[in-house]
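First the structure, in the form of structure tokens, and then the observations on it.
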Amino acid sequence: MIPWTVLDTAKIPGGGELRLKQRGTEFSIMLGSNELMNSRLSGSEEALAKLACDRIGGRSKPTILIGGLGMGFTLRAALALLGRDARIVVAELVPEVIAWARGPMAEVFGGCLDDPRVEILEGDVGRLIRDGAGAYDAILLDVDNGPEGLSRDANDSLYNYAGLHAAKTALKPGGVLTVWSQGPDKSFSRRLHESGFVVDEVKVRASTRGGGARHVVWVAASGGAPKAKGRR
């Protein structure tokens with residue numbers, strides 16, 4: 001068995017420390033003893049993008065906000081599903097994660113950061129949401145471990161009532177918020193409903209081959225009719 005090698009570490013603003021590890025061609029990002037992501041397991045992160053893009057299919061010039069770059073699985077899936085007129089903004093709080101994407105994990109990312117549809121912003125996705133009234137057709141959140149913050153207490157502000165109100169305000173009519181979580185959370189489901197979203201809770205597998213742990217993606221639709229391509 002090839003041993004793991006720690007390639008780099010990164011401090012999370014207001015939180016803990018990430019460790020980037022490699023074993024052969026496999027990468028892992030760890031927080032303490034918790035593995036946040038692994039390059040072999042991309043199924044649920046890809047599902048986060050697919051579930052959102054399916055809901056906004058047909059829109060002209062859609063604008064997507066992704067919270068959390070991670071290993072780029074959600075971004076790559078969104079790029080594959082959206083047309084050439086799409087714009088995808090990715091907010092990543094930890095600058096080292098962006099450096100890892102362009103450095104040791106460049107092969108994992110497959111050049112997707114250089115796609116002209118992509119804009120990578122170093123900073124808090126919560127600020128972009130609060131400042132972006134009516135700006136986005138879809139908001140995709142893969143921040144921390146889901147609604148129950150693990151790495152950074154401030155992440156809770158994305159998932160409380162105020163954060164959900166801000167997300168709903170940031171969406172265009174008929175827009176959708178999709179949220180990744182390691183597991184179910186009844187309190188968060190209730191907050192989504194009480195915040196005026198129409199909610200589906202979808203269980204997805206961690207592996208693209210259908211195996212691995214079961215994760216959860218909430219698909220929360222805002223009110224208003226979607227503006228499909230060709231409509232005026």
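Residue names in the structure tokens use chain letters A, B, ... in the order shown, residue numbers from 1 in each chain, and ligand numbers from 1 in the order shown.
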
Checklist entry - Excluding same-chain residues fewer than 4 positions from stretch 140-147 of chain A, what lies within 9 Å of it counting only C-alpha atoms, as a PyMOL selection string? => result chain A and resi 36+45+48-49+52+64-70+74+125+151-152+155-156+158-160+176-183+185+188+216

Do you have, as JSON lines, the list of residues of stretch 135-188 of chain A lying at most 10 Å from stretch 193-196 of chain A, each with its nearest atom pair and that distance in Å to one decimal, counting only C-alpha atoms and ordered by chain then number?
```
{"residue": "A:Asn160", "atom": "CA", "partner": "A:Ser195", "partner_atom": "CA", "distance": 9.7}
{"residue": "A:Tyr161", "atom": "CA", "partner": "A:Ser195", "partner_atom": "CA", "distance": 6.9}
{"residue": "A:Ala162", "atom": "CA", "partner": "A:Ser195", "partner_atom": "CA", "distance": 9.1}
{"residue": "A:Gly163", "atom": "CA", "partner": "A:Ser195", "partner_atom": "CA", "distance": 9.9}
{"residue": "A:Leu164", "atom": "CA", "partner": "A:Ser195", "partner_atom": "CA", "distance": 6.7}
{"residue": "A:His165", "atom": "CA", "partner": "A:Ser195", "partner_atom": "CA", "distance": 6.5}
{"residue": "A:Lys168", "atom": "CA", "partner": "A:Ser195", "partner_atom": "CA", "distance": 8.3}
{"residue": "A:Phe188", "atom": "CA", "partner": "A:His193", "partner_atom": "CA", "distance": 8.7}
```

Keeping only all heavy atoms, take the residues you just selected and write them out as a PDB file, in the first residue's frame.
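Saved to result.pdb:
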```
ATOM      1  N   ASN A 160     -28.875  29.428   8.226  1.00  0.00           N
ATOM      2  CA  ASN A 160     -29.918  29.863   9.152  1.00  0.00           C
ATOM      3  C   ASN A 160     -30.991  30.640   8.381  1.00  0.00           C
ATOM      4  O   ASN A 160     -30.927  30.785   7.157  1.00  0.00           O
ATOM      5  CB  ASN A 160     -29.321  30.677  10.313  1.00  0.00           C
ATOM      6  CG  ASN A 160     -28.613  31.938   9.860  1.00  0.00           C
ATOM      7  OD1 ASN A 160     -28.847  32.442   8.752  1.00  0.00           O
ATOM      8  ND2 ASN A 160     -27.731  32.466  10.703  1.00  0.00           N
ATOM      9  N   TYR A 161     -32.001  31.128   9.095  1.00  0.00           N
ATOM     10  CA  TYR A 161     -33.107  31.802   8.409  1.00  0.00           C
ATOM     11  C   TYR A 161     -32.639  33.027   7.631  1.00  0.00           C
ATOM     12  O   TYR A 161     -33.093  33.276   6.510  1.00  0.00           O
ATOM     13  CB  TYR A 161     -34.173  32.208   9.429  1.00  0.00           C
ATOM     14  CG  TYR A 161     -34.994  31.036   9.935  1.00  0.00           C
ATOM     15  CD1 TYR A 161     -34.811  30.550  11.215  1.00  0.00           C
ATOM     16  CD2 TYR A 161     -35.946  30.421   9.124  1.00  0.00           C
ATOM     17  CE1 TYR A 161     -35.560  29.471  11.687  1.00  0.00           C
ATOM     18  CE2 TYR A 161     -36.691  29.344   9.571  1.00  0.00           C
ATOM     19  CZ  TYR A 161     -36.501  28.874  10.859  1.00  0.00           C
ATOM     20  OH  TYR A 161     -37.224  27.803  11.307  1.00  0.00           O
ATOM     21  N   ALA A 162     -31.733  33.796   8.222  1.00  0.00           N
ATOM     22  CA  ALA A 162     -31.241  34.991   7.532  1.00  0.00           C
ATOM     23  C   ALA A 162     -30.485  34.609   6.264  1.00  0.00           C
ATOM     24  O   ALA A 162     -30.626  35.263   5.216  1.00  0.00           O
ATOM     25  CB  ALA A 162     -30.342  35.801   8.462  1.00  0.00           C
ATOM     26  N   GLY A 163     -29.662  33.562   6.332  1.00  0.00           N
ATOM     27  CA  GLY A 163     -28.917  33.116   5.166  1.00  0.00           C
ATOM     28  C   GLY A 163     -29.821  32.608   4.061  1.00  0.00           C
ATOM     29  O   GLY A 163     -29.587  32.879   2.870  1.00  0.00           O
ATOM     30  N   LEU A 164     -30.873  31.879   4.438  1.00  0.00           N
ATOM     31  CA  LEU A 164     -31.814  31.375   3.435  1.00  0.00           C
ATOM     32  C   LEU A 164     -32.628  32.508   2.820  1.00  0.00           C
ATOM     33  O   LEU A 164     -32.928  32.473   1.622  1.00  0.00           O
ATOM     34  CB  LEU A 164     -32.728  30.321   4.063  1.00  0.00           C
ATOM     35  CG  LEU A 164     -32.022  29.033   4.499  1.00  0.00           C
ATOM     36  CD1 LEU A 164     -33.004  28.092   5.175  1.00  0.00           C
ATOM     37  CD2 LEU A 164     -31.361  28.339   3.312  1.00  0.00           C
ATOM     38  N   HIS A 165     -32.974  33.498   3.612  1.00  0.00           N
ATOM     39  CA  HIS A 165     -33.668  34.667   3.062  1.00  0.00           C
ATOM     40  C   HIS A 165     -32.778  35.379   2.042  1.00  0.00           C
ATOM     41  O   HIS A 165     -33.242  35.786   0.969  1.00  0.00           O
ATOM     42  CB  HIS A 165     -34.060  35.631   4.183  1.00  0.00           C
ATOM     43  CG  HIS A 165     -34.641  36.918   3.686  1.00  0.00           C
ATOM     44  ND1 HIS A 165     -35.922  37.021   3.167  1.00  0.00           N
ATOM     45  CD2 HIS A 165     -34.091  38.171   3.598  1.00  0.00           C
ATOM     46  CE1 HIS A 165     -36.135  38.264   2.797  1.00  0.00           C
ATOM     47  NE2 HIS A 165     -35.053  38.988   3.038  1.00  0.00           N
ATOM     48  N   LYS A 168     -32.664  33.345  -1.161  1.00  0.00           N
ATOM     49  CA  LYS A 168     -33.904  33.475  -1.920  1.00  0.00           C
ATOM     50  C   LYS A 168     -33.955  34.820  -2.641  1.00  0.00           C
ATOM     51  O   LYS A 168     -34.395  34.909  -3.797  1.00  0.00           O
ATOM     52  CB  LYS A 168     -35.103  33.331  -0.978  1.00  0.00           C
ATOM     53  CG  LYS A 168     -36.421  33.014  -1.644  1.00  0.00           C
ATOM     54  CD  LYS A 168     -37.427  32.555  -0.601  1.00  0.00           C
ATOM     55  CE  LYS A 168     -38.701  32.052  -1.272  1.00  0.00           C
ATOM     56  NZ  LYS A 168     -39.501  33.156  -1.821  1.00  0.00           N
ATOM     57  N   PHE A 188     -32.781  21.694   9.127  1.00  0.00           N
ATOM     58  CA  PHE A 188     -32.518  22.487   7.931  1.00  0.00           C
ATOM     59  C   PHE A 188     -33.660  22.338   6.929  1.00  0.00           C
ATOM     60  O   PHE A 188     -34.079  23.330   6.308  1.00  0.00           O
ATOM     61  CB  PHE A 188     -31.199  22.073   7.297  1.00  0.00           C
ATOM     62  CG  PHE A 188     -30.848  22.866   6.071  1.00  0.00           C
ATOM     63  CD1 PHE A 188     -30.626  24.229   6.156  1.00  0.00           C
ATOM     64  CD2 PHE A 188     -30.740  22.259   4.831  1.00  0.00           C
ATOM     65  CE1 PHE A 188     -30.319  24.982   5.024  1.00  0.00           C
ATOM     66  CE2 PHE A 188     -30.420  22.989   3.706  1.00  0.00           C
ATOM     67  CZ  PHE A 188     -30.218  24.349   3.803  1.00  0.00           C
TER      68      PHE A 188
END
```

Item to check | A:Arg19 environment, 9 Å, only C-alpha atoms, sequence neighbours closer than 6 positions dropped, as a PyMOL selection string | outcome: chain A and resi 6-10+28-32

Checklist entry - When DSSP works through the backbone of this structure, what residues of stretch 15-226 of chain A end up as helix (DSSP H, G or I), shown as number ranges by chain? => result A: 43-55, 73-81, 95-102, 106-109, 112-114, 125-130, 153-159, 161-170, 186-194

Item to check | strand (DSSP E or B) per DSSP on the backbone: members of stretch 32-192 of chain A, as a PyMOL selection string | outcome: chain A and resi 34-38+41+63-67+87-92+118-122+136-141+152+171-181

Item to check | For A:Arg127, the nearest of the candidates A:Glu92, A:Glu46, A:Glu17, A:Asp200, counting only C-alpha atoms | outcome: A:Glu92
